[in-house]
Every structure is written in structure tokens, then in C-alpha cells.
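Asks: To be precise about what I am sending: the file is called work-v7.txt and holds compact mmCIF, C-alpha atoms.
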```
# COMPACT_ATOMS: atom_id res chain seq x y z
CA MET A 19 -151.59 -142.42 76.69
CA CYS A 20 -151.22 -146.00 77.95
CA ALA A 21 -154.98 -146.17 78.52
CA LEU A 22 -155.63 -145.03 74.96
CA ARG A 23 -153.22 -147.66 73.61
CA ALA A 24 -154.88 -150.36 75.67
CA LEU A 25 -158.32 -149.25 74.49
CA SER A 26 -157.26 -149.16 70.85
CA PHE A 27 -155.75 -152.64 71.22
CA GLU A 28 -159.01 -153.97 72.67
CA VAL A 29 -161.09 -152.80 69.70
CA MET A 30 -158.75 -154.43 67.19
CA THR A 31 -159.70 -157.62 65.44
CA GLU A 32 -157.78 -160.77 66.36
CA PRO A 33 -155.58 -160.67 63.21
CA GLU A 34 -154.81 -156.99 63.90
CA GLN A 35 -153.86 -157.82 67.50
CA ALA A 36 -151.57 -160.62 66.29
CA ALA A 37 -149.93 -158.27 63.79
CA THR A 38 -149.45 -155.65 66.51
CA ARG A 39 -147.83 -158.18 68.85
CA GLN A 40 -145.44 -159.28 66.09
CA TYR A 41 -144.54 -155.63 65.45
CA TYR A 42 -143.68 -154.99 69.09
CA TYR A 43 -141.73 -158.26 69.32
CA PHE A 44 -139.79 -157.21 66.23
CA LEU A 45 -138.98 -153.82 67.79
CA MET A 46 -137.83 -155.52 71.00
CA ASP A 47 -135.61 -157.96 69.12
CA TYR A 48 -134.28 -155.18 66.90
CA SER A 49 -133.29 -153.01 69.88
CA THR A 50 -131.77 -156.05 71.62
CA VAL A 51 -129.68 -156.87 68.56
CA LEU A 52 -128.45 -153.27 68.35
CA THR A 53 -127.53 -153.28 72.04
CA LEU A 54 -125.62 -156.54 71.74
CA CYS A 55 -123.88 -155.31 68.58
CA GLY A 56 -122.67 -152.25 70.46
CA PHE A 57 -121.15 -154.39 73.20
CA SER A 58 -119.76 -156.78 70.61
CA PHE A 59 -118.06 -153.92 68.73
CA LEU A 60 -116.37 -152.75 71.94
CA ALA A 61 -115.39 -156.32 72.78
CA GLY A 62 -113.81 -156.82 69.36
CA PHE A 63 -111.94 -153.53 69.65
CA ILE A 64 -110.41 -154.38 73.03
CA ASP A 65 -109.82 -158.04 72.22
CA ALA A 66 -107.84 -157.18 69.08
CA ILE A 67 -105.47 -155.03 71.11
CA ILE A 68 -104.70 -157.34 74.01
CA GLY A 69 -107.53 -159.85 74.55
CA GLY A 70 -110.25 -159.73 77.16
CA GLY A 71 -113.23 -158.95 74.93
CA GLY A 72 -115.17 -161.72 76.61
CA LEU A 73 -115.30 -159.60 79.76
CA ILE A 74 -117.65 -157.27 77.88
CA GLN A 75 -119.47 -159.50 75.42
CA THR A 76 -120.34 -162.43 77.70
CA PRO A 77 -121.88 -160.48 80.62
CA ALA A 78 -123.76 -158.31 78.11
CA ILE A 79 -125.53 -161.24 76.45
CA LEU A 80 -126.20 -162.99 79.79
CA PHE A 81 -127.85 -159.83 81.11
CA THR A 82 -129.73 -158.96 77.91
CA LEU A 83 -131.14 -162.44 77.14
CA PRO A 84 -131.75 -164.05 80.55
CA GLN A 85 -134.61 -166.16 79.16
CA TYR A 86 -132.19 -168.45 77.30
CA PRO A 87 -130.01 -171.23 78.78
CA VAL A 88 -126.48 -170.15 79.66
CA PRO A 89 -124.76 -172.73 77.38
CA MET A 90 -126.78 -171.38 74.44
CA LEU A 91 -125.72 -167.80 75.22
CA ILE A 92 -122.07 -168.79 75.60
CA GLY A 93 -122.27 -170.65 72.30
CA THR A 94 -123.82 -167.60 70.64
CA THR A 95 -120.83 -165.44 71.62
CA LYS A 96 -118.39 -167.80 69.93
CA ILE A 97 -119.26 -166.74 66.38
CA PRO A 98 -118.62 -163.02 67.09
CA SER A 99 -115.41 -163.93 68.93
CA LEU A 100 -114.30 -166.04 65.97
CA GLY A 101 -114.96 -163.22 63.51
CA GLY A 102 -113.07 -160.72 65.65
CA SER A 103 -110.07 -162.97 66.22
CA LEU A 104 -109.84 -163.77 62.50
CA MET A 105 -109.90 -160.08 61.62
CA GLY A 106 -107.30 -159.30 64.27
CA ALA A 107 -105.09 -162.14 63.09
CA PHE A 108 -105.36 -160.95 59.49
CA GLN A 109 -104.47 -157.35 60.35
CA TYR A 110 -101.50 -158.32 62.51
CA SER A 111 -100.14 -160.91 60.07
CA ARG A 112 -99.88 -158.25 57.34
CA ARG A 113 -97.57 -156.09 59.46
CA VAL A 114 -95.94 -158.36 62.03
CA ALA A 115 -93.58 -161.26 61.28
CA VAL A 116 -95.12 -164.57 62.35
CA ALA A 117 -93.25 -167.70 63.46
CA GLY A 118 -94.79 -169.71 60.65
CA ARG A 119 -92.96 -172.97 61.31
CA PHE A 120 -94.32 -173.28 64.85
CA ILE A 121 -97.60 -171.36 64.93
CA GLY A 122 -99.47 -173.74 62.58
CA PRO A 123 -98.93 -176.83 64.75
CA MET A 124 -99.63 -174.72 67.85
CA MET A 125 -103.00 -173.66 66.39
CA ALA A 126 -103.86 -177.28 65.58
CA ILE A 127 -103.00 -178.37 69.12
CA ALA A 128 -104.99 -175.48 70.59
CA PHE A 129 -107.97 -176.40 68.37
CA GLY A 130 -108.03 -179.98 69.66
CA ALA A 131 -107.40 -178.96 73.27
CA SER A 132 -110.21 -176.39 73.16
CA TRP A 133 -112.66 -178.98 71.85
CA LEU A 134 -111.59 -181.31 74.67
CA GLY A 135 -112.05 -178.49 77.18
CA ALA A 136 -115.57 -177.72 75.93
CA TRP A 137 -116.44 -181.43 76.05
CA THR A 138 -115.08 -181.66 79.61
CA LEU A 139 -117.19 -178.65 80.61
CA THR A 140 -120.35 -180.57 79.73
CA ARG A 141 -119.39 -183.23 82.29
CA VAL A 142 -117.39 -181.47 85.03
CA PRO A 143 -118.20 -178.16 86.83
CA ASN A 144 -115.61 -175.41 86.38
CA SER A 145 -116.43 -173.31 89.45
CA PHE A 146 -113.02 -174.01 91.00
CA MET A 147 -111.29 -172.19 88.14
CA LYS A 148 -112.20 -168.65 89.24
CA PRO A 149 -110.12 -168.58 92.47
CA PHE A 150 -107.22 -170.23 90.65
CA ALA A 151 -107.34 -167.79 87.74
CA LEU A 152 -107.75 -164.83 90.12
CA VAL A 153 -104.49 -165.61 91.94
CA ILE A 154 -102.59 -165.95 88.66
CA LEU A 155 -104.00 -162.69 87.27
CA VAL A 156 -103.09 -160.73 90.42
CA ALA A 157 -99.51 -162.00 90.13
CA VAL A 158 -99.42 -161.12 86.42
CA PHE A 159 -100.73 -157.61 87.09
CA ILE A 160 -98.17 -156.89 89.82
CA TYR A 161 -95.28 -158.26 87.76
CA THR A 162 -96.24 -156.32 84.62
CA LEU A 163 -96.77 -153.11 86.60
CA THR A 164 -93.40 -153.30 88.35
CA GLN A 165 -91.36 -154.46 85.35
CA LYS A 166 -91.34 -151.37 83.12
CA GLY A 167 -89.44 -153.10 80.31
CA PHE A 168 -91.71 -156.15 80.23
CA GLY A 169 -92.77 -156.85 76.64
CA GLN A 170 -91.25 -153.67 75.22
CA VAL A 171 -88.70 -155.38 72.97
CA SER A 172 -88.33 -158.82 71.43
CA HIS A 173 -85.43 -160.91 72.67
CA ARG A 174 -84.55 -164.48 71.84
CA VAL A 175 -84.23 -166.36 75.13
CA VAL A 176 -84.64 -169.96 73.95
CA THR A 177 -83.43 -172.22 71.17
CA SER A 178 -85.69 -173.05 68.26
CA GLN A 179 -86.35 -176.51 69.65
CA ARG A 180 -87.39 -175.17 73.05
CA GLN A 181 -89.41 -172.41 71.43
CA ARG A 182 -91.35 -175.00 69.44
CA LEU A 183 -91.98 -177.21 72.49
CA ARG A 184 -93.07 -174.27 74.63
CA MET A 185 -95.45 -172.96 72.00
CA TRP A 186 -97.03 -176.37 71.54
CA LEU A 187 -97.37 -176.80 75.31
CA MET A 188 -98.99 -173.37 75.53
CA GLY A 189 -101.42 -174.35 72.79
CA ALA A 190 -102.46 -177.47 74.71
CA VAL A 191 -102.82 -175.84 78.15
CA ILE A 192 -104.40 -172.51 77.16
CA GLY A 193 -106.51 -174.15 74.44
CA PHE A 194 -108.01 -176.50 77.01
CA TYR A 195 -108.54 -173.57 79.38
CA ASP A 196 -110.39 -171.59 76.70
CA GLY A 197 -112.82 -174.43 76.02
CA PHE A 198 -113.28 -175.29 79.70
CA PHE A 199 -113.46 -171.80 81.23
CA GLY A 200 -112.42 -169.03 78.84
CA PRO A 201 -112.10 -165.55 80.44
CA GLY A 202 -108.62 -164.10 80.07
CA THR A 203 -107.49 -166.53 77.35
CA GLY A 204 -106.10 -163.78 75.11
CA SER A 205 -104.22 -162.20 78.02
CA PHE A 206 -102.74 -165.55 79.05
CA LEU A 207 -101.58 -166.16 75.49
CA VAL A 208 -99.91 -162.75 75.31
CA LEU A 209 -98.24 -163.36 78.67
CA GLY A 210 -96.99 -166.77 77.54
CA PHE A 211 -95.54 -165.47 74.29
CA ILE A 212 -93.67 -162.72 76.17
CA THR A 213 -92.33 -164.73 79.11
CA LEU A 214 -91.72 -168.12 77.47
CA ILE A 215 -90.84 -167.17 73.90
CA GLY A 216 -89.37 -163.67 74.28
CA PHE A 217 -91.75 -161.67 72.08
CA ASP A 218 -92.67 -158.03 72.63
CA PHE A 219 -96.30 -157.00 73.18
CA LEU A 220 -97.01 -156.35 69.51
CA LYS A 221 -95.61 -159.65 68.29
CA ALA A 222 -97.21 -161.51 71.19
CA SER A 223 -100.62 -160.01 70.35
CA ALA A 224 -100.24 -161.04 66.71
CA HIS A 225 -99.52 -164.66 67.60
CA ALA A 226 -102.18 -164.71 70.32
CA LYS A 227 -104.84 -163.73 67.79
CA LEU A 228 -103.92 -166.66 65.54
CA VAL A 229 -104.12 -169.18 68.37
CA ASN A 230 -107.30 -167.59 69.74
CA ALA A 231 -108.87 -167.89 66.28
CA ALA A 232 -108.19 -171.64 66.39
CA THR A 233 -109.73 -172.05 69.86
CA ASN A 234 -112.76 -169.93 68.93
CA LEU A 235 -113.30 -171.99 65.78
CA SER A 236 -113.15 -175.18 67.82
CA CYS A 237 -115.67 -173.90 70.37
CA THR A 238 -117.94 -172.57 67.61
CA LEU A 239 -118.06 -175.97 65.90
CA PHE A 240 -118.64 -177.72 69.21
CA PHE A 241 -121.56 -175.50 70.26
CA ALA A 242 -123.03 -175.48 66.74
CA ASN A 243 -123.00 -179.27 66.76
CA LYS A 244 -124.91 -179.17 70.05
CA GLY A 245 -127.44 -176.64 68.70
CA TYR A 246 -126.36 -174.00 71.24
CA ILE A 247 -126.17 -170.96 68.95
CA LEU A 248 -128.80 -168.24 68.41
CA TYR A 249 -127.87 -167.23 64.88
CA ALA A 250 -130.28 -164.27 64.74
CA PHE A 251 -128.12 -162.60 67.38
CA ALA A 252 -124.75 -164.23 66.65
CA LEU A 253 -124.41 -163.13 63.01
CA PRO A 254 -125.07 -159.36 63.51
CA MET A 255 -122.82 -159.45 66.57
CA ALA A 256 -120.11 -161.08 64.46
CA VAL A 257 -120.19 -158.18 62.00
CA ALA A 258 -119.92 -155.69 64.87
CA ASN A 259 -117.11 -157.64 66.57
CA LEU A 260 -115.22 -157.91 63.30
CA SER A 261 -115.50 -154.14 62.75
CA GLY A 262 -114.24 -153.43 66.26
CA ALA A 263 -111.35 -155.85 65.79
CA PHE A 264 -110.37 -154.12 62.56
CA LEU A 265 -110.05 -150.75 64.29
CA GLY A 266 -108.45 -152.20 67.42
CA ALA A 267 -105.73 -154.06 65.54
CA ARG A 268 -104.95 -151.05 63.36
CA LEU A 269 -104.67 -148.83 66.43
CA ALA A 270 -102.42 -151.30 68.25
CA ILE A 271 -100.10 -151.59 65.25
CA LEU A 272 -99.99 -147.80 64.92
CA LYS A 273 -99.35 -147.05 68.61
CA GLY A 274 -96.99 -149.93 69.40
CA ASN A 275 -95.81 -151.70 72.56
CA ARG A 276 -96.31 -148.98 75.18
CA PHE A 277 -99.92 -148.48 74.16
CA ILE A 278 -100.58 -152.25 74.24
CA ARG A 279 -98.92 -152.54 77.67
CA VAL A 280 -101.37 -149.99 79.12
CA PHE A 281 -104.31 -151.88 77.62
CA PHE A 282 -102.89 -155.14 78.96
CA LEU A 283 -102.83 -153.76 82.50
CA LEU A 284 -106.35 -152.36 82.16
CA VAL A 285 -107.76 -155.64 80.89
CA ILE A 286 -106.00 -157.66 83.61
CA ALA A 287 -107.32 -155.26 86.26
CA ALA A 288 -110.86 -155.55 84.86
CA THR A 289 -110.60 -159.34 84.84
CA ILE A 290 -109.41 -159.36 88.46
CA LEU A 291 -112.29 -157.12 89.54
CA ARG A 292 -114.84 -159.28 87.76
CA PHE A 293 -113.55 -162.54 89.25
CA ALA A 294 -113.33 -160.97 92.72
CA TRP A 295 -116.90 -159.68 92.42
CA ASP A 296 -118.17 -163.11 91.33
CA LEU A 297 -116.44 -164.78 94.27
CA LEU A 298 -117.60 -162.27 96.89
CA THR A 299 -121.24 -161.99 95.79
```
Is it possible to express this structure as C-alpha cells?

Replies:
Amino acid sequence: MCALRALSFEVMTEPEQAATRQYYYFLMDYSTVLTLCGFSFLAGFIDAIIGGGGLIQTPAILFTLPQYPVPMLIGTTKIPSLGGSLMGAFQYSRRVAVAGRFIGPMMAIAFGASWLGAWTLTRVPNSFMKPFALVILVAVFIYTLTQKGFGQVSHRVVTSQRQRLRMWLMGAVIGFYDGFFGPGTGSFLVLGFITLIGFDFLKASAHAKLVNAATNLSCTLFFANKGYILYAFALPMAVANLSGAFLGARLAILKGNRFIRVFFLLVIAATILRFAWDLLT
């Protein structure tokens, strides 16, 4: 069969050969887009529940499109991530009360900090972040696993003034982290809202999506300004990510805190395994 195809290609005229090459290139790109959309849908679904979609989407695009520079591939994932986080934020905000007085300034701070983190990344290597993040994630996993009541109910543990300051500090630190390194940002936001502010998992996820939308927007604008986005892949992936986020957020709202806690542990465990693998190989 292959010999027949090769023979038929040889007898074609030059315009026919060019048209055939374009056809096969189109099929390759089409199948690649479908593959990436599948991973992006799954990433949006998981990310809307508890964060961590980057663990699926980023490795998928790095493996599928190795011919492109890594910064361009990372930039390409930011549009799907932005679409998914916006959809998740919209779904949660319709059903979960949001701390409106504090979350707006927190998002603005996170936006600026994320831009600064992305700018810093272009000048300073971030390889030291993996061991640091791995230690924190292991501690988070053990604590969440042993504390059965962690994040199951909301409880006010701080005054309004301290709540505001803590949220703004979280926006600065985690926003910078998202622009500079990224993996686990959604999980760190959820953890911060539970431990520092006193939210339950559902309310923490709702607020995390809003802040994550701000950091994703900042990174998207930064990479777009640098020309580091492949729009032919980014836009279809954004539709898929948005669809996954819609279903994920609806499921999380329907199932509640216990369901989100299980997903939180699974995502943290997956993040730990990925970082450990990267460090050991």
C-alpha cells in the first residue's frame, strides 16, 4: 500500500504534489488540534473544581508540539486557561457569595504581580522553584489528609481588616508565583483562602477562580505582547477548556465540600508526583 502511494505521488504533477502535501499537513494539524482540545477540556474540568489543570494542559502541548519554543507553548496555554477560569468564576459567582469588597483589589494586585512574575521569568531562571514547591505541597497533602474537617465549613477567624490585608498579600505572593512558575497556583489559592481567611472548599474555590482569572489575563497579555501565542491552537483549546470548566464548576457546586476535598487531595498528589519525577529524571 505504501509503495502504491509513493508511486502515485511520483507520477503527480508539481501542483498536485503541493496540494497533496497541504492536505496531509491539514490532517496532521487537525488531529493535533483535536488532541489538544481533549486535554484542554479535561484540564478545564479539573481546574474548575480545585485547580491544577495546568498539570494536564501544559505537558500535553509540550509533548504534542515539540517543534515550537517552550515560551511560545506556555503562552499558547494561557488563553485556554483564561477562558476556563472566567467560566469557572462566572458559574461559582452565581451560586456562592463573594467577598466583593476585598476580592476586586486582590484581583488587581494579583494581575500586577503576575505580570511582574512573567517579566522576571524572562530574566531569571526558575529551576529552584520545583524543590521549594514540592516540600510545601507534601506538607499541604499530609495536613489535608489528616485533618478531616479541613475546609468543610466556613468559619470567621479574622477581623475584616486582617481579612483584607491577608487577601491582598495572597494576591501579591501567589500572583507573582503564577507568572514566574505557575503549577499549583489554583491549589495554593484554595489553601490560602481556607487557612488564612476561614472559607470552606466551595467558597475558597469560587474566590480562587476569580483571582486565577486575573493572573491568567495578565499572563495572556504579557505573552501576546511578546508574540508568544499560537492562536490556531489556542482558540480551539480555549473553547474546549471553557466547556470543561462549565461542567466542572457545576459538578463541584452540586456535590459540595466533601467532593472538592477529594479532588483537592488528588490534584495535590498528582502535582507532587510530577515535581518529584522532574527532579529525579

Asks: What's the 9 Å shell around Thr289 in chain A, counting only C-alpha atoms, without same-chain residues fewer than 2 positions away, as a list in words?

Replies: Gly70, Leu73, Leu152, Leu155, Pro201, Gly202, Leu284, Val285, Ile286, Ala287, Leu291, Arg292, Phe293 and Ala294 of chain A

Asks: Looking at all atoms listed in the file, which of A:Gly204, A:Gly130, A:Gly274, A:Pro123 is the one that sits closest to Lys227 in chain A?

Replies: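 Of all the options, A:Gly204 lies closest to Lys227 in chain A.
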
Asks: I need the residue nearest Leu139 in chain A from this list: A:Gly197, A:Gly245, A:Gly72, A:Gly101. Use all atoms listed in the file for the distance.

Replies: A:Gly197

Asks: Pick out the residues sitting within 12 Å of Gly118 in chain A, and hand them over as an NGL selection string; count all atoms listed in the file, and ignore anything fewer than 5 positions along from it in its own chain.

Replies: :A and (111 or 123-125 or 182 or 185 or 224-225 or 228)

Asks: Residues near Val191 in chain A, anyone? I mean within 9 Å using all atoms listed in the file, not counting same-chain ones fewer than 3 positions away, as a PDB file with C-alpha atoms, in the frame of the given file.

Replies:
```pdb
ATOM      1  CA  ALA A 128    -104.990-175.480  70.590  1.00  0.00           C
ATOM      2  CA  ALA A 131    -107.400-178.960  73.270  1.00  0.00           C
ATOM      3  CA  SER A 132    -110.210-176.390  73.160  1.00  0.00           C
ATOM      4  CA  TRP A 186     -97.030-176.370  71.540  1.00  0.00           C
ATOM      5  CA  LEU A 187     -97.370-176.800  75.310  1.00  0.00           C
ATOM      6  CA  MET A 188     -98.990-173.370  75.530  1.00  0.00           C
ATOM      7  CA  PHE A 194    -108.010-176.500  77.010  1.00  0.00           C
ATOM      8  CA  TYR A 195    -108.540-173.570  79.380  1.00  0.00           C
ATOM      9  CA  ASP A 196    -110.390-171.590  76.700  1.00  0.00           C
TER      10      ASP A 196
END
```

Asks: With all atoms listed in the file as the atoms that count, which of A:Pro89, A:Gly193, A:Gly200, A:Gly122 lies nearest to Met147 in chain A?

Replies: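 Using all atoms listed in the file, the shortest distance to Met147 in chain A belongs to A:Gly200.
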
Asks: Using CA of Gly262 in chain A and CA of Cys55 in chain A as the two end points, give the distance in Å to one decimal.

Replies: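 So the two atoms, CA of Gly262 in chain A and CA of Cys55 in chain A, lie 10.1 Å apart.
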
Asks: Give me, please, the distance in Å between CA of Leu272 in chain A and CA of Thr203 in chain A, quoted to one decimal.

Replies: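 Computing the Euclidean distance for CA of Leu272 in chain A and CA of Thr203 in chain A yields 23.7 Å.
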
Asks: Smallest atom-to-atom distance to Arg180 in chain A: which of A:Leu214, A:Ile192, A:Ala136, A:Ile160, using all atoms listed in the file?

Replies: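 The closest residue to Arg180 in chain A is A:Leu214.
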
Asks: Would you pick out the contacts of Gln109 in chain A at 8 Å or less, using all atoms listed in the file, so that residues sharing its chain but fewer than 2 positions from it are not included, and give the list as a compact mmCIF listing (two decimals) with C-alpha atoms, in the frame of the given file?

Replies:
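Everything below was put into around_24.txt:
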```
# COMPACT_ATOMS: atom_id res chain seq x y z
CA MET A 105 -109.90 -160.08 61.62
CA GLY A 106 -107.30 -159.30 64.27
CA ALA A 107 -105.09 -162.14 63.09
CA SER A 111 -100.14 -160.91 60.07
CA ARG A 112 -99.88 -158.25 57.34
CA ARG A 113 -97.57 -156.09 59.46
CA PHE A 264 -110.37 -154.12 62.56
CA ALA A 267 -105.73 -154.06 65.54
CA ARG A 268 -104.95 -151.05 63.36
```

Asks: Can you tell me, as a list in words, what residues are no more than 9 Å from Leu100 in chain A when counting only C-alpha atoms, ignoring any on the same chain fewer than 6 positions away?

Replies: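 Within the cut-off, the hits are Asn230, Ala231, Ala232, Thr233, Asn234, Leu235, Thr238, Ala256, Asn259 and Leu260 of chain A.
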
Asks: What does the structure give for the distance between CA of Thr82 in chain A and CA of Trp295 in chain A, in Å to one decimal?

Replies: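 Pair CA of Thr82 in chain A / CA of Trp295 in chain A returns 19.4 Å.
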
Asks: Ranking A:Ile68, A:Ala78, A:Ile154, A:Val88 by minimum distance to Gly56 in chain A and counting all atoms listed in the file, which one comes first?

Replies: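 Closest candidate: A:Ala78.
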
Asks: Considering all atoms listed in the file, state which residue in the set A:Leu183, A:Phe198, A:Leu248, A:Thr95 is at the smallest distance from Ser145 in chain A.

Replies: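 Among the listed residues, the smallest separation from Ser145 in chain A belongs to A:Phe198.
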